[in-house]
Amino acid sequence: MANTLDTMDLKQIISLHLDGISNRKIGAILGISRNTINTYIKLFKANEHSLEDLLSFDDARLEVLFPSRTTIDNTRYDELMRYFEDVNKASNHPGFTLLFHYNDYAEKSSNAYSYTQFTEHYRRKYPKLKGSMKLNHDPGKEMYVDYAGKKLTLIDKNTGEIILVEVFLAILPNSQYTFVEACLSQKREDFITCCANALSFYGGVPTAIVSDNLKSAVTRASKYEPEINRSFKDFARHYNCVINPTRSYSPQDKALVENAVHLAYQRIYYPIREMTFFTLSDLNKEIRRRLTVYNDLLFQLKQASRRELFQSIEREYLKPLPTSAYQMKEYARAKVQKMGYVYFSPSKNYYSVPYRYIGKMTQIQYTKTTVEVYYNHQRIAIHQRNKGKGIYTTNKEHLSSTHQKYREWSPDFFMKQAAPHGEYVLKCVEAILVKMDYPEIAYKRAMGLIQLHKIYSSQRLDKACKRALTADAVSYTRIKNMLKNNQDKNNLFYQDLEEKENHIPSHQNIRGASAYQ
């Protein structure tokens, strides 16, 4: 069947291979053909980079080295499927055999499958019901997770409203060591948080997490090749494990966790049936207390408890927990607007990206604290998440040079721009900024005044500003007209008086105004 391997699948193959798992088992865990696994392992080893280096590469670099591709010939596969549709109509006829029809198919097809593949594809397309069997579970291999069908309740202190809460269960099948936790819903965030809490409870990570086909884990359910939710897949990548959903309508695939649900009804639900809880933390505290007793109960045949089996056998097979806690990622798509921002719909606000990506379609990956914007698997922007609505979050480096200059406009900016052109230019700009109530108007006039130096020189501009200050006529238009009409070159009467020497000579008997107070 078809497998389109993306970069996350490749990293999971590398991780499992480094853990010493055989190619056949990797294929069984990931639901990918063994031959496909063999092909990729050969490609990895033939590459100039080591497996550890490949594991550290980002998605874009892996995409270049190993492009995503389908693992089947669609034309050949479609021909086989169409042949099966006709063959299956006679499957109940006496004397029906696959060998007879394979010989017929091999004669008609120019590129026929082998008999083994022919029978395998037929049984995949038309599976038969099989009897159940006792499974032997390897220690540390899997963790089964599920939600209980029946819910527990909380009471709202203020309104008295009864609030139904979900109950999450996880179990390690070898030791049957069980984890139980109440949460508000089965939504993706609550589900992934419960899985993280379960791994923390066990103190290690199994090879695979086996989940039901709930929407929080599986985007598209399939008996053979379910599509894993991207956030849950990222969670598994963080913890270096894989996700292996059970088949739809096949409770026997997770019989142990189904049985754990019934035991939880007996050991946890029933003893607390008459208790009243007002907060989720109080309920979980009581569940944890009951769970400790439950995990310490002895199996009748094994003469050991779940906790003892976990501590003595299964714990050493678990992989260590990552050093950092997982932050759940959500995903969204957005087109970069003409202003250079992407609209972040979950919070209804905007985040800047480099202006050269205007008009491009991007992917947004966000957690509770950060927002990252990606284009072609490359991160082009990262911001701290702003919970407000309608707010523009801007990184100045993302703006074009023109927009960056505009954002720098402020009184201090214009004072610094005016200072090199003279003392009186600086005073005029200061007067214009103080005079206006609306700053943007003052900024434009101050900018216009400063730009006059390009036409008339800084020296003439400074003289014109001095004249305007003396005449109390500080404005862009008046100073421009002074320069245009060369009025800055004519001395005023009082300027001449200032430049002349005083006609009264200096003498010690001359007294100033202070002598007459």
# chains A, B, ... in the order shown; residues from 1 in each chain; ligands from 1
>>> select_by_dssp(residues="range 344-487 of chain A", states="helix (DSSP H, G or I)", output="ChimeraX atom specification")
/A:355-357,396-398,401-407,411-421,423-435,439-451,453-456,458-470,476-484,487
>>> residues_around(residues="range 386-401 of chain A", least_positions_apart="5", cutoff="12 Å", atoms="only C-alpha atoms", output="PDB file with C-alpha atoms, in the first residue's frame")
ATOM      1  CA  LYS A 338       0.917  43.653   1.877  1.00  0.00           C
ATOM      2  CA  MET A 339       1.911  45.303   5.152  1.00  0.00           C
ATOM      3  CA  GLY A 340       4.307  42.398   5.874  1.00  0.00           C
ATOM      4  CA  TYR A 341       2.199  40.743   8.584  1.00  0.00           C
ATOM      5  CA  VAL A 342       0.465  37.356   8.875  1.00  0.00           C
ATOM      6  CA  TYR A 343      -2.972  37.170  10.473  1.00  0.00           C
ATOM      7  CA  PHE A 344      -2.920  34.776  13.436  1.00  0.00           C
ATOM      8  CA  SER A 345      -6.540  33.600  13.609  1.00  0.00           C
ATOM      9  CA  PRO A 346      -6.486  31.758  17.004  1.00  0.00           C
ATOM     10  CA  SER A 347      -5.739  35.023  18.867  1.00  0.00           C
ATOM     11  CA  LYS A 348      -7.009  37.395  16.135  1.00  0.00           C
ATOM     12  CA  ASN A 349      -3.817  39.457  15.972  1.00  0.00           C
ATOM     13  CA  TYR A 350      -0.894  40.045  13.618  1.00  0.00           C
ATOM     14  CA  TYR A 351       2.809  39.137  13.525  1.00  0.00           C
ATOM     15  CA  SER A 352       5.484  40.592  11.267  1.00  0.00           C
ATOM     16  CA  VAL A 353       7.630  38.598   8.828  1.00  0.00           C
ATOM     17  CA  PRO A 354      10.483  39.820   6.577  1.00  0.00           C
ATOM     18  CA  TYR A 355       9.002  42.107   3.897  1.00  0.00           C
ATOM     19  CA  ARG A 356      10.412  39.997   1.029  1.00  0.00           C
ATOM     20  CA  TYR A 357       7.813  37.271   1.803  1.00  0.00           C
ATOM     21  CA  ILE A 358       4.842  39.549   1.063  1.00  0.00           C
ATOM     22  CA  TYR A 366       2.504  28.063  17.758  1.00  0.00           C
ATOM     23  CA  THR A 367       2.595  27.070  21.401  1.00  0.00           C
ATOM     24  CA  LYS A 368       1.251  28.778  24.514  1.00  0.00           C
ATOM     25  CA  THR A 369       4.267  31.101  24.573  1.00  0.00           C
ATOM     26  CA  THR A 370       5.674  31.409  21.035  1.00  0.00           C
ATOM     27  CA  VAL A 371       4.553  31.908  17.442  1.00  0.00           C
ATOM     28  CA  ILE A 380      11.395  33.089   8.790  1.00  0.00           C
ATOM     29  CA  ALA A 381      10.054  34.680  11.988  1.00  0.00           C
ATOM     30  CA  TYR A 406       9.270  55.873   9.579  1.00  0.00           C
ATOM     31  CA  ARG A 407       8.973  53.820  12.774  1.00  0.00           C
ATOM     32  CA  GLU A 408      11.978  55.685  14.231  1.00  0.00           C
TER      33      GLU A 408
END
>>> closest_residue(among="A:Asn197, A:Thr207, A:Ser216, A:Ser110", to="Arg230 in chain A", atoms="only C-alpha atoms")
A:Ser216
>>> select_by_dssp(residues="range 359-428 of chain A", states="strand (DSSP E or B)", output="MDAnalysis selection string")
chainID A and resid 361:366 370:375 378:384 392:393
>>> write_last_selection(atoms="C-alpha atoms", output="mmCIF file, in the first residue's frame")
data_model
loop_
_atom_site.group_PDB
_atom_site.id
_atom_site.type_symbol
_atom_site.label_atom_id
_atom_site.label_comp_id
_atom_site.auth_asym_id
_atom_site.auth_seq_id
_atom_site.Cartn_x
_atom_site.Cartn_y
_atom_site.Cartn_z
ATOM 1 C CA MET A 361 1.640 31.398 1.830
ATOM 2 C CA THR A 362 3.228 30.404 5.147
ATOM 3 C CA GLN A 363 2.722 27.864 7.908
ATOM 4 C CA ILE A 364 2.366 29.063 11.499
ATOM 5 C CA GLN A 365 3.489 26.791 14.336
ATOM 6 C CA TYR A 366 2.504 28.063 17.758
ATOM 7 C CA THR A 370 5.674 31.409 21.035
ATOM 8 C CA VAL A 371 4.553 31.908 17.442
ATOM 9 C CA GLU A 372 6.842 30.674 14.633
ATOM 10 C CA VAL A 373 6.287 31.358 10.927
ATOM 11 C CA TYR A 374 7.697 28.937 8.319
ATOM 12 C CA TYR A 375 8.061 29.196 4.560
ATOM 13 C CA GLN A 378 12.419 27.297 6.912
ATOM 14 C CA ARG A 379 11.605 29.458 9.903
ATOM 15 C CA ILE A 380 11.395 33.089 8.790
ATOM 16 C CA ALA A 381 10.054 34.680 11.988
ATOM 17 C CA ILE A 382 9.583 33.931 15.690
ATOM 18 C CA HIS A 383 7.648 36.035 18.208
ATOM 19 C CA GLN A 384 6.512 35.824 21.789
ATOM 20 C CA TYR A 392 0.340 44.108 15.691
ATOM 21 C CA THR A 393 3.554 42.498 16.979
#
>>> atom_distance(atom1="CA of Ser305 in chain A", atom2="CA of Arg273 in chain A")
25.3 Å
